[in-house]
Amino acid sequence: MTRSLTVVALLLCLGAPRALAQTTFKTGSLVIPMDTSYQDNGMLKAYGLLYALLKAGVPVHWVIKAKKALGDVDLTASCKDFKTPGATFSHGYRGGPFVIEADHAAKAGPIISAWQGTNAAVVVHLTQADTTGRTARLLSAAPTIAVIGDGNEDIAFKYMNAAGIPDRLGALWTKTSPDVLSIAEVAGPTTTKHNDGALFRPSGQPGYCQIMTMHWGVNQVVAEVVAEYRAFLQFPVHMMAECQAVNAIENHANGRFITTTGFLIDNNVKDTGPFSYLNQDTPFVQLDGVYNLVGGSERAYSLPVGGKYHDQNVVMIKDAATTLGQRSIWMTGYIDGKCTLTEDAPICFAGVGKVSYLGGHQYAIALPISANPDTQGTRLFLNSLFEAGCATAEGQPTLSLVKFGPAWTASDTITYTLSYQNPGPGPALEVTLSDPLPAGAAFVSATG
């Protein structure tokens, strides 16, 4: 019997680039303010709301003006309050607001209402007219987070718990949270294979989006951990270090992630500055108001004579009295300078990781943030959780699937061939491929 078949071809794409583009936000879009005018008391929990939205699959635009200076307006919109609608008002949003397109507002609404029910200080606005803003990042995935147990992991717990970002079990972060990794777990069982530690799955793909090290003593550094970090950063992931952990990692021979020769510690900088704010249109440095540095064994970092940054654009905040490369406080860059951070450069699609370094031992979580500038460093930390490629649409896998079959056959046995690949920068994890049989057909065998 002759059966007539149709060749089936299916292309599934995830993570089409949207960032660094002007986006029109239709009436009914939702804005999460990130400036002190409206979010002064809800600044940290606003990041928890962002996490909850991404966890539920709601895409969020991080809107930041191009060629921005500190305090510039990123988005101007006519709005009403989401929780208690009243008169319409116009506001110039600063500090990198988060925006949910109107098409996703119905899905986002119940999440926002539930969040505001237990976090009353968090403000959300509803747009009353179309408006346009620059999408600096299109966030599409809640980051999976690991914290290394370096003896000061409670600093990271403090920051994330203050924001309402839970551990994998949905609970507060504590030393017993499942993704608090010991030094030995990160190092793995060998010193010859650098992707056999806890940061990786058995397949060699990363098991996390983020790893953070808050204060790792330079005399405690384990060479294999830094080597595992280097292997981890070959994917669109993020590693964040604070205070002495910066020295422990960057100055190690397996490190040198953003410099050629490591750093010198230069603590000759005042807590209140003045500071220079660079690359202000990058998500990592979004803040509103005054920033204060805090105490610690490592507060600022300088390049030694002959030392260089792999990318000269990595410095976000530095002592205003110095030249570039001296007394840097907040830095971020792609590993080995494989991509550059400039105002007009496209986002790196090479699938490489980012590194962030923050001076100061432990920032505050007190609010309102306008009266507690020591809390701004916590906000910088939270920025870094969401900016890495693994949290953005640009860093997601791009899956393609094509199914081939004969146009016709006289045989009762038919062979189909499925061809699939992931040319995107992000690893495709926990993917299941299924192919339902046509009605009346029975499965015989399969390969691969």
# chains A, B, ... in the order shown; residues from 1 in each chain; ligands from 1

$ select_by_dssp --residues "stretch 113-233 of chain A" --states "strand (DSSP E or B)" --output "list in words"
His125, Leu126, Thr127, Thr131, Thr132, Gly133, Arg134, Thr135, Ala136, Arg137, Leu138, Leu139, Ile145, Ala146, Val147, Ile148, Val180, Leu181, Phe200, Pro206, Gln210, Ile211, Met212 and Thr213 of chain A

$ write_last_selection --atoms "C-alpha atoms" --output "PDB file, in the first residue's frame"
ATOM      1  CA  HIS A 125       2.973  52.040  37.752  1.00  0.00           C
ATOM      2  CA  LEU A 126       0.569  51.449  34.871  1.00  0.00           C
ATOM      3  CA  THR A 127       1.154  53.494  31.704  1.00  0.00           C
ATOM      4  CA  THR A 131       5.954  55.692  25.377  1.00  0.00           C
ATOM      5  CA  THR A 132       9.379  54.795  24.010  1.00  0.00           C
ATOM      6  CA  GLY A 133      12.593  53.759  25.753  1.00  0.00           C
ATOM      7  CA  ARG A 134      15.898  52.030  25.055  1.00  0.00           C
ATOM      8  CA  THR A 135      15.900  48.357  25.993  1.00  0.00           C
ATOM      9  CA  ALA A 136      19.399  47.868  27.354  1.00  0.00           C
ATOM     10  CA  ARG A 137      18.604  44.266  28.295  1.00  0.00           C
ATOM     11  CA  LEU A 138      15.576  42.073  27.707  1.00  0.00           C
ATOM     12  CA  LEU A 139      15.454  39.857  30.778  1.00  0.00           C
ATOM     13  CA  ILE A 145      22.377  31.233  41.954  1.00  0.00           C
ATOM     14  CA  ALA A 146      25.209  29.573  43.845  1.00  0.00           C
ATOM     15  CA  VAL A 147      27.184  30.991  46.771  1.00  0.00           C
ATOM     16  CA  ILE A 148      30.610  29.665  47.679  1.00  0.00           C
ATOM     17  CA  VAL A 180      25.779  26.980  49.136  1.00  0.00           C
ATOM     18  CA  LEU A 181      28.833  25.175  47.778  1.00  0.00           C
ATOM     19  CA  PHE A 200      28.965  22.023  36.314  1.00  0.00           C
ATOM     20  CA  PRO A 206      27.111  24.976  33.682  1.00  0.00           C
ATOM     21  CA  GLN A 210      25.610  32.970  38.940  1.00  0.00           C
ATOM     22  CA  ILE A 211      28.375  32.211  41.448  1.00  0.00           C
ATOM     23  CA  MET A 212      29.418  34.697  44.117  1.00  0.00           C
ATOM     24  CA  THR A 213      32.362  34.842  46.498  1.00  0.00           C
TER      25      THR A 213
END

$ residues_around --residues "stretch 31-34 of chain A" --least-positions-apart "5" --cutoff "7 Å" --atoms "only C-alpha atoms" --output "PyMOL selection string"
chain A and resi 39+43+93-100+123-126

$ closest_atom_pairs --of "stretch 380-423 of chain A" --to "stretch 158-161 of chain A" --cutoff "10 Å" --atoms "only C-alpha atoms" --output "JSON lines"
{"residue": "A:Phe381", "atom": "CA", "partner": "A:Tyr159", "partner_atom": "CA", "distance": 7.8}
{"residue": "A:Leu382", "atom": "CA", "partner": "A:Met160", "partner_atom": "CA", "distance": 7.7}
{"residue": "A:Leu385", "atom": "CA", "partner": "A:Met160", "partner_atom": "CA", "distance": 9.8}

$ write_last_selection --atoms "N, CA and C atoms" --output "mmCIF file, in the first residue's frame"
data_model
loop_
_atom_site.group_PDB
_atom_site.id
_atom_site.type_symbol
_atom_site.label_atom_id
_atom_site.label_comp_id
_atom_site.auth_asym_id
_atom_site.auth_seq_id
_atom_site.Cartn_x
_atom_site.Cartn_y
_atom_site.Cartn_z
ATOM 1 N N PHE A 381 25.249 45.017 43.740
ATOM 2 C CA PHE A 381 25.281 43.554 43.797
ATOM 3 C C PHE A 381 24.044 42.967 43.121
ATOM 4 N N LEU A 382 22.881 43.505 43.438
ATOM 5 C CA LEU A 382 21.640 42.984 42.860
ATOM 6 C C LEU A 382 21.571 43.244 41.363
ATOM 7 N N LEU A 385 23.190 40.420 39.448
ATOM 8 C CA LEU A 385 22.490 39.143 39.362
ATOM 9 C C LEU A 385 21.689 39.004 38.072
#

$ closest_residue --among "A:Val290, A:Ala142, A:Val355, A:Ala393" --to "A:Ser370" --atoms "only C-alpha atoms"
A:Val290

$ closest_atom_pairs --of "stretch 43-140 of chain A" --to "stretch 358-369 of chain A" --cutoff "12 Å" --atoms "only C-alpha atoms" --output "CSV"
residue,atom,partner,partner_atom,distance
A:Met43,CA,A:Ile369,CA,7.2
A:Leu44,CA,A:Ile365,CA,7.9
A:Lys45,CA,A:Ile365,CA,10.6
A:Ala121,CA,A:Pro368,CA,10.1
A:Val122,CA,A:Pro368,CA,11.7

$ write_last_selection --atoms "all heavy atoms" --output "compact mmCIF listing (two decimals), in the first residue's frame"
# COMPACT_ATOMS: atom_id res chain seq x y z
N MET A 43 13.30 49.79 47.23
CA MET A 43 14.34 49.59 46.24
C MET A 43 14.85 48.16 46.19
O MET A 43 15.04 47.58 45.11
CB MET A 43 15.51 50.55 46.50
CG MET A 43 16.51 50.63 45.37
SD MET A 43 15.83 51.36 43.86
CE MET A 43 15.73 53.10 44.33
N LEU A 44 15.12 47.56 47.34
CA LEU A 44 15.69 46.20 47.33
C LEU A 44 14.63 45.16 46.97
O LEU A 44 14.89 44.26 46.16
CB LEU A 44 16.32 45.90 48.68
CG LEU A 44 17.42 46.87 49.14
CD1 LEU A 44 18.05 46.40 50.44
CD2 LEU A 44 18.50 47.03 48.06
N LYS A 45 13.44 45.28 47.55
CA LYS A 45 12.39 44.31 47.26
C LYS A 45 11.90 44.42 45.81
O LYS A 45 11.26 43.48 45.30
CB LYS A 45 11.23 44.48 48.24
CG LYS A 45 11.55 43.97 49.64
CD LYS A 45 11.70 42.46 49.64
CE LYS A 45 12.11 41.91 51.00
NZ LYS A 45 11.11 42.05 52.03
N ALA A 121 5.89 48.35 50.33
CA ALA A 121 6.68 49.51 49.93
C ALA A 121 7.03 49.50 48.45
O ALA A 121 7.43 50.53 47.90
CB ALA A 121 7.97 49.57 50.76
N VAL A 122 6.89 48.35 47.79
CA VAL A 122 7.26 48.25 46.37
C VAL A 122 6.18 48.91 45.52
O VAL A 122 5.00 48.60 45.62
CB VAL A 122 7.45 46.78 45.95
CG1 VAL A 122 7.73 46.70 44.45
CG2 VAL A 122 8.59 46.16 46.74
